[in-house]
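Source file: protein18.pdb; contents: PDB, C-alpha atoms, pLDDT in the B column.
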ATOM      1  CA  MET A   1     -14.672 -12.310 -10.198  1.00 65.00           C
ATOM      2  CA  ASN A   2     -14.380 -14.709  -7.239  1.00 70.00           C
ATOM      3  CA  PHE A   3     -10.842 -15.366  -5.980  1.00 67.00           C
ATOM      4  CA  PHE A   4      -9.779 -16.378  -2.437  1.00 75.00           C
ATOM      5  CA  GLY A   5     -13.501 -16.656  -1.678  1.00 83.00           C
ATOM      6  CA  CYS A   6     -13.934 -12.893  -2.160  1.00 87.00           C
ATOM      7  CA  LYS A   7     -15.636 -10.739  -4.730  1.00 91.00           C
ATOM      8  CA  TRP A   8     -13.395  -8.139  -6.381  1.00 91.00           C
ATOM      9  CA  CYS A   9     -13.694  -4.789  -8.111  1.00 91.00           C
ATOM     10  CA  GLY A  10     -12.266  -4.320 -11.588  1.00 92.00           C
ATOM     11  CA  GLU A  11      -8.611  -3.386 -11.855  1.00 93.00           C
ATOM     12  CA  ILE A  12      -7.819   0.208 -10.972  1.00 92.00           C
ATOM     13  CA  SER A  13      -4.647   1.512 -12.562  1.00 94.00           C
ATOM     14  CA  GLY A  14      -2.866   4.672 -13.515  1.00 94.00           C
ATOM     15  CA  PRO A  15       0.016   6.962 -12.654  1.00 94.00           C
ATOM     16  CA  VAL A  16       0.335   7.603  -8.914  1.00 88.00           C
ATOM     17  CA  PRO A  17       2.541  10.394  -7.541  1.00 90.00           C
ATOM     18  CA  VAL A  18       4.470   9.236  -4.457  1.00 87.00           C
ATOM     19  CA  THR A  19       7.097  10.696  -2.167  1.00 84.00           C
ATOM     20  CA  LEU A  20      10.065   8.374  -1.707  1.00 82.00           C
ATOM     21  CA  PRO A  21      12.780   8.875   0.942  1.00 79.00           C
ATOM     22  CA  ASP A  22      15.034  10.659  -1.549  1.00 84.00           C
ATOM     23  CA  ALA A  23      12.768  11.865  -4.385  1.00 86.00           C
ATOM     24  CA  GLU A  24       9.326  12.494  -5.772  1.00 89.00           C
ATOM     25  CA  ALA A  25       8.193   9.914  -8.351  1.00 89.00           C
ATOM     26  CA  VAL A  26       5.230   8.865 -10.430  1.00 93.00           C
ATOM     27  CA  VAL A  27       4.635   5.109 -10.434  1.00 90.00           C
ATOM     28  CA  GLU A  28       2.243   3.252 -12.730  1.00 92.00           C
ATOM     29  CA  LEU A  29       0.240   1.210 -10.204  1.00 89.00           C
ATOM     30  CA  GLY A  30      -2.469  -1.332 -10.844  1.00 90.00           C
ATOM     31  CA  CYS A  31      -4.508  -3.087  -8.183  1.00 89.00           C
ATOM     32  CA  VAL A  32      -7.791  -4.763  -7.326  1.00 88.00           C
ATOM     33  CA  PHE A  33      -9.656  -4.611  -4.011  1.00 87.00           C
ATOM     34  CA  SER A  34     -12.001  -7.142  -2.479  1.00 89.00           C
ATOM     35  CA  THR A  35     -15.540  -5.845  -2.155  1.00 90.00           C
ATOM     36  CA  THR A  36     -16.338  -8.341   0.597  1.00 87.00           C
ATOM     37  CA  THR A  37     -14.572  -9.317   3.809  1.00 83.00           C
ATOM     38  CA  PRO A  38     -11.841 -10.012   4.384  1.00 81.00           C
ATOM     39  CA  ARG A  39     -10.705  -6.741   2.806  1.00 80.00           C
ATOM     40  CA  LEU A  40      -7.777  -7.544   0.559  1.00 82.00           C
ATOM     41  CA  GLU A  41      -5.750  -5.697  -2.048  1.00 84.00           C
ATOM     42  CA  ILE A  42      -3.654  -7.232  -4.784  1.00 83.00           C
ATOM     43  CA  VAL A  43      -1.117  -4.873  -6.350  1.00 85.00           C
ATOM     44  CA  ARG A  44       0.461  -5.483  -9.749  1.00 86.00           C
ATOM     45  CA  ARG A  45       4.253  -5.746  -9.495  1.00 85.00           C
ATOM     46  CA  VAL A  46       6.315  -2.723 -10.506  1.00 85.00           C
ATOM     47  CA  PRO A  47       9.905  -3.839 -11.219  1.00 83.00           C
ATOM     48  CA  GLY A  48      12.621  -1.856  -9.474  1.00 80.00           C
ATOM     49  CA  THR A  49      10.285  -0.382  -6.832  1.00 82.00           C
ATOM     50  CA  LEU A  50       8.988  -1.300  -3.412  1.00 80.00           C
ATOM     51  CA  TRP A  51       6.105  -2.949  -5.300  1.00 81.00           C
ATOM     52  CA  GLU A  52       8.452  -5.743  -6.402  1.00 82.00           C
ATOM     53  CA  PRO A  53       7.461  -9.151  -4.966  1.00 75.00           C
ATOM     54  CA  ALA A  54       9.476 -10.434  -2.025  1.00 71.00           C
ATOM     55  CA  ALA A  55      11.970 -13.243  -2.625  1.00 73.00           C
ATOM     56  CA  GLY A  56      10.193 -16.566  -2.998  1.00 70.00           C
ATOM     57  CA  GLY A  57       6.861 -14.900  -3.780  1.00 65.00           C
ATOM     58  CA  ALA A  58       6.044 -14.260  -0.117  1.00 64.00           C
ATOM     59  CA  VAL A  59       3.455 -11.678   0.906  1.00 63.00           C
ATOM     60  CA  HIS A  60       5.000  -8.250   0.397  1.00 65.00           C
ATOM     61  CA  HIS A  61       3.051  -6.275   2.962  1.00 66.00           C
ATOM     62  CA  VAL A  62      -0.035  -6.034   5.083  1.00 67.00           C
ATOM     63  CA  GLY A  63      -2.073  -2.855   5.277  1.00 70.00           C
ATOM     64  CA  TYR A  64      -4.761  -1.503   7.531  1.00 70.00           C
ATOM     65  CA  TRP A  65      -7.091   1.466   7.804  1.00 73.00           C
ATOM     66  CA  SER A  66      -6.116   4.153  10.283  1.00 79.00           C
ATOM     67  CA  ASP A  67      -7.993   7.074  11.788  1.00 82.00           C
ATOM     68  CA  ASP A  68      -4.676   8.815  12.548  1.00 84.00           C
ATOM     69  CA  VAL A  69      -2.023   7.881   9.975  1.00 81.00           C
ATOM     70  CA  ALA A  70       0.605  10.287  11.339  1.00 81.00           C
ATOM     71  CA  ALA A  71       0.345   8.904  14.891  1.00 87.00           C
ATOM     72  CA  ASP A  72       0.266   5.278  13.731  1.00 86.00           C
ATOM     73  CA  ALA A  73       3.271   5.887  11.431  1.00 83.00           C
ATOM     74  CA  ALA A  74       5.220   7.456  14.302  1.00 86.00           C
ATOM     75  CA  GLU A  75       4.415   4.434  16.493  1.00 89.00           C
ATOM     76  CA  LEU A  76       5.570   2.007  13.782  1.00 85.00           C
ATOM     77  CA  GLU A  77       8.795   4.000  13.317  1.00 86.00           C
ATOM     78  CA  ARG A  78       9.433   3.844  17.097  1.00 90.00           C
ATOM     79  CA  HIS A  79       9.346   0.045  16.663  1.00 89.00           C
ATOM     80  CA  GLY A  80      11.957   0.018  13.888  1.00 87.00           C
ATOM     81  CA  PHE A  81       9.789   0.314  10.797  1.00 84.00           C
ATOM     82  CA  VAL A  82      11.101   2.492   7.949  1.00 82.00           C
ATOM     83  CA  ARG A  83       8.977   4.799   5.801  1.00 80.00           C
ATOM     84  CA  GLU A  84       9.380   3.739   2.151  1.00 82.00           C
ATOM     85  CA  ALA A  85       6.859   6.000   0.431  1.00 82.00           C
ATOM     86  CA  THR A  86       3.884   8.239   1.054  1.00 82.00           C
ATOM     87  CA  ARG A  87       1.086   9.469  -1.130  1.00 80.00           C
ATOM     88  CA  GLY A  88      -0.945  12.533  -0.331  1.00 70.00           C
ATOM     89  CA  HIS A  89      -0.651  14.655   2.746  1.00 61.00           C
ATOM     90  CA  THR A  90      -1.507  14.208   6.403  1.00 53.00           C
ATOM     91  CA  GLY A  91      -5.228  14.406   5.818  1.00 56.00           C
ATOM     92  CA  GLU A  92      -7.834  12.715   3.702  1.00 57.00           C
ATOM     93  CA  ASN A  93      -6.596   9.974   1.384  1.00 57.00           C
ATOM     94  CA  TYR A  94      -3.159   9.905   3.016  1.00 60.00           C
ATOM     95  CA  ILE A  95      -1.409   6.632   2.241  1.00 64.00           C
ATOM     96  CA  LEU A  96       1.802   5.431   3.873  1.00 64.00           C
ATOM     97  CA  PHE A  97       4.044   2.543   2.807  1.00 64.00           C
ATOM     98  CA  ILE A  98       6.320   1.381   5.590  1.00 62.00           C
ATOM     99  CA  GLU A  99       8.543  -1.696   6.051  1.00 63.00           C
ATOM    100  CA  HIS A 100      10.254  -3.467   8.917  1.00 50.00           C
TER     101      HIS A 100
END

What's the structure tokens form of this structure?
Amino acid sequence: MNFFGCKWCGEISGPVPVTLPDAEAVVELGCVFSTTTPRLEIVRRVPGTLWEPAAGGAVHHVGYWSDDVAADAAELERHGFVREATRGHTGENYILFIEH
């Protein structure tokens, strides 16, 4: 598949356990990743969650790879960002969702 000038993997989907600010949850997520640069991710919308599109269809979020998620998250929070959800623990495969 060629979209946005990138090549993409097949859709990856399934139940994903996440930690929200007030509860643990399992969310059915579906996404595709570009296999070429720029590295992009398109996530299927999940109504009633943080994976709901922004008003007007604007880009919901931007992500990046981090060698130290905990330190980068703390720095973002010092600048007013709010932790919306995490997946995993502070180690391998740790994923953080944070908004401003």

Please report the interatomic distance between CA of Arg44 (chain A) and CA of Val69 (chain A) in Å with one decimal.
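Between CA of Arg44 (chain A) and CA of Val69 (chain A) the gap works out to 24.0 Å.
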
Run the PyMOL selection byres ((chain A and resi 20) around 9) mentally over the shown coordinates, then write out the matched residues as a VMD selection string, using the chain letters and numbers from the document.
chain A and resid 18 to 19 21 to 25 83 to 86

CA of Val26 (chain A) and CA of Tyr64 (chain A) are how many Å apart?
23.0 Å

Test item: the PyMOL selection byres ((chain A and resi 38) around 10) resolved as an MDAnalysis selection string:
chainID A and resid 4:7 34:37 39:41

Using the chain letters and numbers from this file, what does the PyMOL selection byres ((chain A and resi 14) around 7) select? Give the answer as a PyMOL selection string.
chain A and resi 13+15-16+28-30

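Straight-line separation from CA of Gly88 (chain A) to CA of Ala70 (chain A): 12.0 Å.
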
Would you kindly return, as number ranges by chain, each protein, DNA or RNA residue with an atom no farther than 12 Å from any atom of Pro47 (chain A), considering all atoms listed in the file and excluding same-chain residues fewer than 4 positions away?
A: 27-29, 51-54
